[in-house]
Amino acid sequence: MTEKTLHIVGGGMAGSEAAWQAANLGIKVVLHEMRPEVGTFAHQTGNFGEMVCSNSFRSDDDEQNAVGLLHWEMRAANGLVMSAADRYKLPAGGALAVDRDAFADHITATLKAHPNVSVDYGEITDLPSEGMWIFATGPLTSPALGEAIAKETGTDRLAFFDAIAPIVYADSINMNIAWMQSRYDKGETEEEQKAYLNCPMTKDHYEAFIDALLAADKTEFHEGETAGYFDGCLPIEVMAERGRETLRHGPMKPIGLTNAHKPEEKAYAVVQLRRDNALGTLYNIVGFQTKMKYSAQTEVFKMIPGLENASFARLGGIHRNTFLNSPTLLDDQMRLKSRPNIRFAGQVTGVEGYVESAAMGLLAGRLAAAELSGVEMGPPPRTTAMGALIHHITGGAEAKTFQPMNVNFGLFPPLDGIRGGRKGRKERYKGYTDRAKEDYNQWLIGQS
Ligand SMILES: Cc1cc2nc3c(=O)[nH]c(=O)nc-3n(C[C@H](O)[C@H](O)[C@H](O)COP(=O)(O)OP(=O)(O)OC[C@H]3O[C@@H](n4cnc5c(N)ncnc54)[C@H](O)[C@@H]3O)c2cc1C
């Protein structure tokens with residue numbers, strides 16, 4: 001057994017899972033946690049693995065759902081978060097909901113009882129230059145540490161809020177209505193000149209859309225979040241409240257665009273979508289960050305011509321959320337390129353959700369343990385849920401517009417051969433999950 005030590009900062013979803021994985025691989029782990037000494041606006045206890053809001057790990061369907069597949073992958077790797085969730089599961093239909101107190105008590109007790117884990121309570125405010133560290137300090141990373149990270153990465157590479165515009169699956173966009181064109185055909189190559197997908201609106205469409213935006217249900221900010229953020233990035237409904245024409249002079253301006261289907265018709269307004277991943281399977285609606293409730297978003301966005309049958313990889317939102325510009329800062333081992341003794345894990349790397357955060361903790365714990373043991377190990381293949389996520393955050397995503405991401409099938413490479421030939425969404429999703437399970441098992445076997 002190696003006597004080398006791994007320091008993990010943050011005993012949330014990611015840090016707890018990272019500690020468990022590394023400790024089980026024979027690594028001595030020191031888990032640093034600032035709570036209960038220093039709190040956050042959302043955490044209520046000093047427990048590890050505290051769920052700050054809902055008590056759901058979302059769908060548990062590992063054949064038809066990407067987050068269910070992530071559950072499966074974490075269970076296959078003997079994940080602590082999943083075994084605690086299974087143990088304290090509550091009835092919730094196809095979702096995996098848990099008794100949050102019993103869940104966090106179990107994680108806390110299990111880690112404290114592990115012979116390779118010791119706990120050090122207190123806030124870490126610097127990025128140490130010695131030793132191996134994983135920072136899993138989450139969306140509510142303490143301000144002092146946030147400052148230290150920003151000093152290392154540059155302030156423009158660390159965000160304190162996410163402003164998420166909805167993301168649509170490319171294959172659900174009606175291309176009989178939408179067309180590809182950059183404003184004023186800008187760009188040197190044909191690809192650049194056709195980088196955007198455009199959805200045209202008549203005056204009637206536009207007026208109805210503004211009415212729906214103004215009437216839609218909105219969510220309020222959590223306590224502790226500030227509205228000052230809005231100066232830089234207004235939600236579309238706030239823009240609409242400032243005047244019915246504001247959006248038509250902002251993100252929905254029609255100038256510099258010609259409808260490829262009806263060149264003689266000038267659109268009154270245009271909604272633009274921009275490619276969100278290298279695969280070209282996902283598009284985000286440009287400038288459409290929003291605080292509308294999820295149900296209202298689907299209703300309102302489907303009013304946009306071309307998006308009437310849109311399927312959303314994720315809906316929009318604006319939250320307090322500290323996260324790195326991982327595509328530029330992290331290598332595929334989740335290490336900070338400028339300081340390779342430091343890894344990041346969890347929501348702070350730009351994934352979104354309890355499950356995704358825990359999965360990135362699992363991976364960081366295993367990668368760090370392998371490095372400390374002198375074993376070469378790569379991330380899982382991108383055909384797996386974990387591999388698709390890590391590939392997205394460390395390179396696949398557009399760095400300029402990078403925003404936190406849930407796991408979804410749009411991040412997976414398209415199916416080929418027999419699986420690709422299957423028809424319909426159900427078969428396609430089954431094709432993704434079958435392929436992922438085979439490849440993930442191979443990856444796991446490769447480590448043992
Ligand atoms: C208000 C809010 C509500 C959310 N609701 C949901 C939801 O309902 N469902 C969902 O799936 N996701 C939700 N999320 C998103 C995300 O999934 C969770 O925040 C998740 O807990 C992230 O896991 P993590 O391990 O990255 O961070 P966390 O679970 O937050 O863990 C980070 C840990 O680091 C500690 N820490 C921070 N700074 C320091 C420091 N300097 N020194 C030592 N320790 C430190 C914190 O105390 C905390 O224990 C929410 C996020 C927020 C902010």
# chains A, B, ... in the order shown; residues from 1 in each chain; ligands from 1
>>> closest_atom_pairs(of="chain A", to="ligand 1", cutoff="7 Å", atoms="only C-alpha atoms and all ligand atoms", output="tab-separated table")
residue	atom	partner	partner_atom_place_in_ligand_line	distance
A:Val9	CA	ligand 1	43 (C)	5.3
A:Gly10	CA	ligand 1	34 (O)	3.2
A:Gly11	CA	ligand 1	49 (O)	4.6
A:Gly12	CA	ligand 1	31 (O)	3.2
A:Met13	CA	ligand 1	25 (O)	3.7
A:Ala14	CA	ligand 1	25 (O)	3.7
A:Gly15	CA	ligand 1	25 (O)	5.6
A:His32	CA	ligand 1	43 (C)	5.6
A:Glu33	CA	ligand 1	44 (N)	4.0
A:Met34	CA	ligand 1	43 (C)	4.0
A:Arg35	CA	ligand 1	47 (O)	5.0
A:Gly39	CA	ligand 1	47 (O)	6.3
A:Thr40	CA	ligand 1	47 (O)	6.5
A:Ala42	CA	ligand 1	1 (C)	5.3
A:Phe48	CA	ligand 1	49 (O)	6.4
A:Gly49	CA	ligand 1	29 (O)	6.1
A:Glu50	CA	ligand 1	29 (O)	6.4
A:Met51	CA	ligand 1	21 (O)	5.8
A:Val52	CA	ligand 1	3 (C)	5.4
A:Cys53	CA	ligand 1	8 (O)	4.2
A:Ser54	CA	ligand 1	8 (O)	3.8
A:Asn55	CA	ligand 1	8 (O)	6.7
A:Ser56	CA	ligand 1	9 (N)	6.6
A:Phe57	CA	ligand 1	11 (O)	6.3
A:Gly122	CA	ligand 1	43 (C)	6.0
A:Glu123	CA	ligand 1	42 (N)	3.6
A:Ile124	CA	ligand 1	42 (N)	4.0
A:Thr125	CA	ligand 1	41 (N)	5.3
A:Ala136	CA	ligand 1	26 (O)	5.5
A:Thr137	CA	ligand 1	34 (O)	3.5
A:Gly138	CA	ligand 1	27 (O)	3.2
A:Pro139	CA	ligand 1	53 (C)	5.3
A:Leu140	CA	ligand 1	53 (C)	5.9
A:Thr141	CA	ligand 1	38 (N)	3.9
A:Ser142	CA	ligand 1	38 (N)	4.2
A:Ala144	CA	ligand 1	41 (N)	6.8
A:Leu145	CA	ligand 1	41 (N)	4.9
A:His222	CA	ligand 1	1 (C)	6.6
A:Arg320	CA	ligand 1	53 (C)	6.0
A:Asn321	CA	ligand 1	53 (C)	6.0
A:Ala345	CA	ligand 1	26 (O)	6.7
A:Gly346	CA	ligand 1	26 (O)	3.6
A:Gln347	CA	ligand 1	26 (O)	3.7
A:Val348	CA	ligand 1	26 (O)	5.8
A:Glu352	CA	ligand 1	17 (O)	5.5
A:Gly353	CA	ligand 1	17 (O)	3.1
A:Tyr354	CA	ligand 1	17 (O)	3.6
A:Val355	CA	ligand 1	11 (O)	6.3
A:Ser357	CA	ligand 1	23 (O)	4.9
A:Ala358	CA	ligand 1	25 (O)	6.3
>>> residues_around(residues="Gln272 (chain A)", least_positions_apart="6", cutoff="12 Å", atoms="only C-alpha atoms", output="PyMOL selection string")
chain A and resi 165-168+178-183+194-201+248+250-255+257+283-288+304-307
>>> residues_around(residues="Ala370 (chain A)", least_positions_apart="2", cutoff="12 Å", atoms="only C-alpha atoms", output="VMD selection string")
chain A and resid 2 4 6 21 to 27 132 333 363 to 368 372 to 379 447 to 448
>>> closest_residue(among="A:Glu308, A:Glu220, A:Asp156, A:Asp439", to="Asn325 (chain A)", atoms="only C-alpha atoms")
A:Asp156
>>> select_by_dssp(residues="region 230-397 of chain A", states="strand (DSSP E or B)", output="PDB file with N, CA and C atoms, in the first residue's frame")
ATOM      1  N   ALA A 269     -38.411  39.416 -36.684  1.00  0.00           N
ATOM      2  CA  ALA A 269     -37.441  39.120 -35.626  1.00  0.00           C
ATOM      3  C   ALA A 269     -36.849  37.748 -35.938  1.00  0.00           C
ATOM      4  N   VAL A 270     -35.627  37.490 -35.437  1.00  0.00           N
ATOM      5  CA  VAL A 270     -35.000  36.178 -35.669  1.00  0.00           C
ATOM      6  C   VAL A 270     -34.406  35.667 -34.365  1.00  0.00           C
ATOM      7  N   VAL A 271     -34.700  34.404 -34.079  1.00  0.00           N
ATOM      8  CA  VAL A 271     -34.056  33.754 -32.926  1.00  0.00           C
ATOM      9  C   VAL A 271     -32.876  32.966 -33.475  1.00  0.00           C
ATOM     10  N   GLN A 272     -31.693  33.191 -32.898  1.00  0.00           N
ATOM     11  CA  GLN A 272     -30.505  32.482 -33.388  1.00  0.00           C
ATOM     12  C   GLN A 272     -30.081  31.383 -32.419  1.00  0.00           C
ATOM     13  N   LEU A 273     -29.607  30.282 -32.966  1.00  0.00           N
ATOM     14  CA  LEU A 273     -29.067  29.209 -32.135  1.00  0.00           C
ATOM     15  C   LEU A 273     -27.615  28.971 -32.552  1.00  0.00           C
ATOM     16  N   ARG A 274     -26.781  28.702 -31.557  1.00  0.00           N
ATOM     17  CA  ARG A 274     -25.356  28.537 -31.836  1.00  0.00           C
ATOM     18  C   ARG A 274     -24.925  27.139 -31.408  1.00  0.00           C
ATOM     19  N   ARG A 275     -24.032  26.560 -32.184  1.00  0.00           N
ATOM     20  CA  ARG A 275     -23.546  25.216 -31.873  1.00  0.00           C
ATOM     21  C   ARG A 275     -22.943  25.179 -30.480  1.00  0.00           C
ATOM     22  N   ASN A 277     -21.559  22.136 -29.037  1.00  0.00           N
ATOM     23  CA  ASN A 277     -20.517  21.117 -28.839  1.00  0.00           C
ATOM     24  C   ASN A 277     -19.876  20.783 -30.176  1.00  0.00           C
ATOM     25  N   LEU A 282     -25.841  19.593 -30.385  1.00  0.00           N
ATOM     26  CA  LEU A 282     -26.547  20.483 -29.455  1.00  0.00           C
ATOM     27  C   LEU A 282     -26.417  21.931 -29.914  1.00  0.00           C
ATOM     28  N   TYR A 283     -27.492  22.696 -29.751  1.00  0.00           N
ATOM     29  CA  TYR A 283     -27.476  24.126 -30.079  1.00  0.00           C
ATOM     30  C   TYR A 283     -28.075  24.919 -28.929  1.00  0.00           C
ATOM     31  N   ASN A 284     -27.419  26.038 -28.543  1.00  0.00           N
ATOM     32  CA  ASN A 284     -28.036  26.883 -27.512  1.00  0.00           C
ATOM     33  C   ASN A 284     -28.710  28.082 -28.159  1.00  0.00           C
ATOM     34  N   ILE A 285     -29.791  28.549 -27.519  1.00  0.00           N
ATOM     35  CA  ILE A 285     -30.533  29.690 -28.069  1.00  0.00           C
ATOM     36  C   ILE A 285     -29.833  30.950 -27.574  1.00  0.00           C
ATOM     37  N   MET A 292     -37.597  31.834 -16.242  1.00  0.00           N
ATOM     38  CA  MET A 292     -38.927  31.223 -16.345  1.00  0.00           C
ATOM     39  C   MET A 292     -38.892  29.817 -15.758  1.00  0.00           C
ATOM     40  N   PHE A 312     -35.365  19.456 -25.547  1.00  0.00           N
ATOM     41  CA  PHE A 312     -34.356  20.264 -24.845  1.00  0.00           C
ATOM     42  C   PHE A 312     -33.367  19.381 -24.074  1.00  0.00           C
ATOM     43  N   ALA A 313     -32.066  19.587 -24.336  1.00  0.00           N
ATOM     44  CA  ALA A 313     -31.041  18.870 -23.572  1.00  0.00           C
ATOM     45  C   ALA A 313     -30.947  19.479 -22.177  1.00  0.00           C
ATOM     46  N   ARG A 314     -31.155  20.780 -22.092  1.00  0.00           N
ATOM     47  CA  ARG A 314     -31.344  21.407 -20.783  1.00  0.00           C
ATOM     48  C   ARG A 314     -32.070  22.728 -20.958  1.00  0.00           C
ATOM     49  N   GLY A 317     -31.562  28.943 -17.134  1.00  0.00           N
ATOM     50  CA  GLY A 317     -31.604  29.294 -15.711  1.00  0.00           C
ATOM     51  C   GLY A 317     -30.516  30.287 -15.373  1.00  0.00           C
ATOM     52  N   ILE A 318     -30.624  30.897 -14.210  1.00  0.00           N
ATOM     53  CA  ILE A 318     -29.574  31.784 -13.699  1.00  0.00           C
ATOM     54  C   ILE A 318     -29.448  31.498 -12.211  1.00  0.00           C
ATOM     55  N   HIS A 319     -28.265  31.102 -11.789  1.00  0.00           N
ATOM     56  CA  HIS A 319     -28.058  30.703 -10.395  1.00  0.00           C
ATOM     57  C   HIS A 319     -26.717  31.196  -9.894  1.00  0.00           C
ATOM     58  N   ARG A 320     -26.600  31.253  -8.568  1.00  0.00           N
ATOM     59  CA  ARG A 320     -25.291  31.447  -7.956  1.00  0.00           C
ATOM     60  C   ARG A 320     -24.514  30.162  -8.216  1.00  0.00           C
ATOM     61  N   ASN A 321     -23.361  30.250  -8.821  1.00  0.00           N
ATOM     62  CA  ASN A 321     -22.648  29.037  -9.212  1.00  0.00           C
ATOM     63  C   ASN A 321     -21.205  29.382  -9.551  1.00  0.00           C
ATOM     64  N   THR A 322     -20.279  28.977  -8.702  1.00  0.00           N
ATOM     65  CA  THR A 322     -18.866  29.219  -9.003  1.00  0.00           C
ATOM     66  C   THR A 322     -18.372  28.078  -9.882  1.00  0.00           C
ATOM     67  N   PHE A 323     -17.866  28.390 -11.044  1.00  0.00           N
ATOM     68  CA  PHE A 323     -17.319  27.313 -11.883  1.00  0.00           C
ATOM     69  C   PHE A 323     -16.201  27.818 -12.781  1.00  0.00           C
ATOM     70  N   LEU A 324     -15.314  26.891 -13.092  1.00  0.00           N
ATOM     71  CA  LEU A 324     -14.137  27.196 -13.895  1.00  0.00           C
ATOM     72  C   LEU A 324     -14.444  27.106 -15.378  1.00  0.00           C
ATOM     73  N   LEU A 330      -8.380  22.870 -17.545  1.00  0.00           N
ATOM     74  CA  LEU A 330      -8.089  21.522 -17.044  1.00  0.00           C
ATOM     75  C   LEU A 330      -7.611  20.592 -18.145  1.00  0.00           C
ATOM     76  N   ARG A 335      -6.662  17.902 -14.030  1.00  0.00           N
ATOM     77  CA  ARG A 335      -5.640  18.698 -13.341  1.00  0.00           C
ATOM     78  C   ARG A 335      -5.609  20.099 -13.919  1.00  0.00           C
ATOM     79  N   LEU A 336      -5.297  21.061 -13.035  1.00  0.00           N
ATOM     80  CA  LEU A 336      -5.117  22.428 -13.484  1.00  0.00           C
ATOM     81  C   LEU A 336      -3.833  22.448 -14.318  1.00  0.00           C
ATOM     82  N   ARG A 339      -1.001  24.139 -12.675  1.00  0.00           N
ATOM     83  CA  ARG A 339      -0.557  23.616 -11.367  1.00  0.00           C
ATOM     84  C   ARG A 339      -0.985  22.149 -11.278  1.00  0.00           C
ATOM     85  N   PRO A 340      -0.236  21.245 -11.908  1.00  0.00           N
ATOM     86  CA  PRO A 340      -0.718  19.859 -12.035  1.00  0.00           C
ATOM     87  C   PRO A 340      -0.853  19.093 -10.718  1.00  0.00           C
ATOM     88  N   ASN A 341      -0.420  19.667  -9.608  1.00  0.00           N
ATOM     89  CA  ASN A 341      -0.646  18.970  -8.328  1.00  0.00           C
ATOM     90  C   ASN A 341      -2.075  19.211  -7.827  1.00  0.00           C
ATOM     91  N   ILE A 342      -2.831  20.004  -8.588  1.00  0.00           N
ATOM     92  CA  ILE A 342      -4.200  20.343  -8.167  1.00  0.00           C
ATOM     93  C   ILE A 342      -5.213  19.862  -9.192  1.00  0.00           C
ATOM     94  N   ARG A 343      -6.174  19.074  -8.691  1.00  0.00           N
ATOM     95  CA  ARG A 343      -7.314  18.665  -9.531  1.00  0.00           C
ATOM     96  C   ARG A 343      -8.551  19.404  -9.056  1.00  0.00           C
ATOM     97  N   PHE A 344      -9.517  19.529  -9.937  1.00  0.00           N
ATOM     98  CA  PHE A 344     -10.839  20.011  -9.534  1.00  0.00           C
ATOM     99  C   PHE A 344     -11.848  18.909  -9.805  1.00  0.00           C
ATOM    100  N   VAL A 351     -19.887  20.912 -14.421  1.00  0.00           N
ATOM    101  CA  VAL A 351     -21.008  19.995 -14.608  1.00  0.00           C
ATOM    102  C   VAL A 351     -22.128  20.512 -13.724  1.00  0.00           C
ATOM    103  N   ALA A 397     -16.613  21.083 -25.185  1.00  0.00           N
ATOM    104  CA  ALA A 397     -17.504  22.243 -25.140  1.00  0.00           C
ATOM    105  C   ALA A 397     -16.827  23.465 -25.744  1.00  0.00           C
TER     106      ALA A 397
END
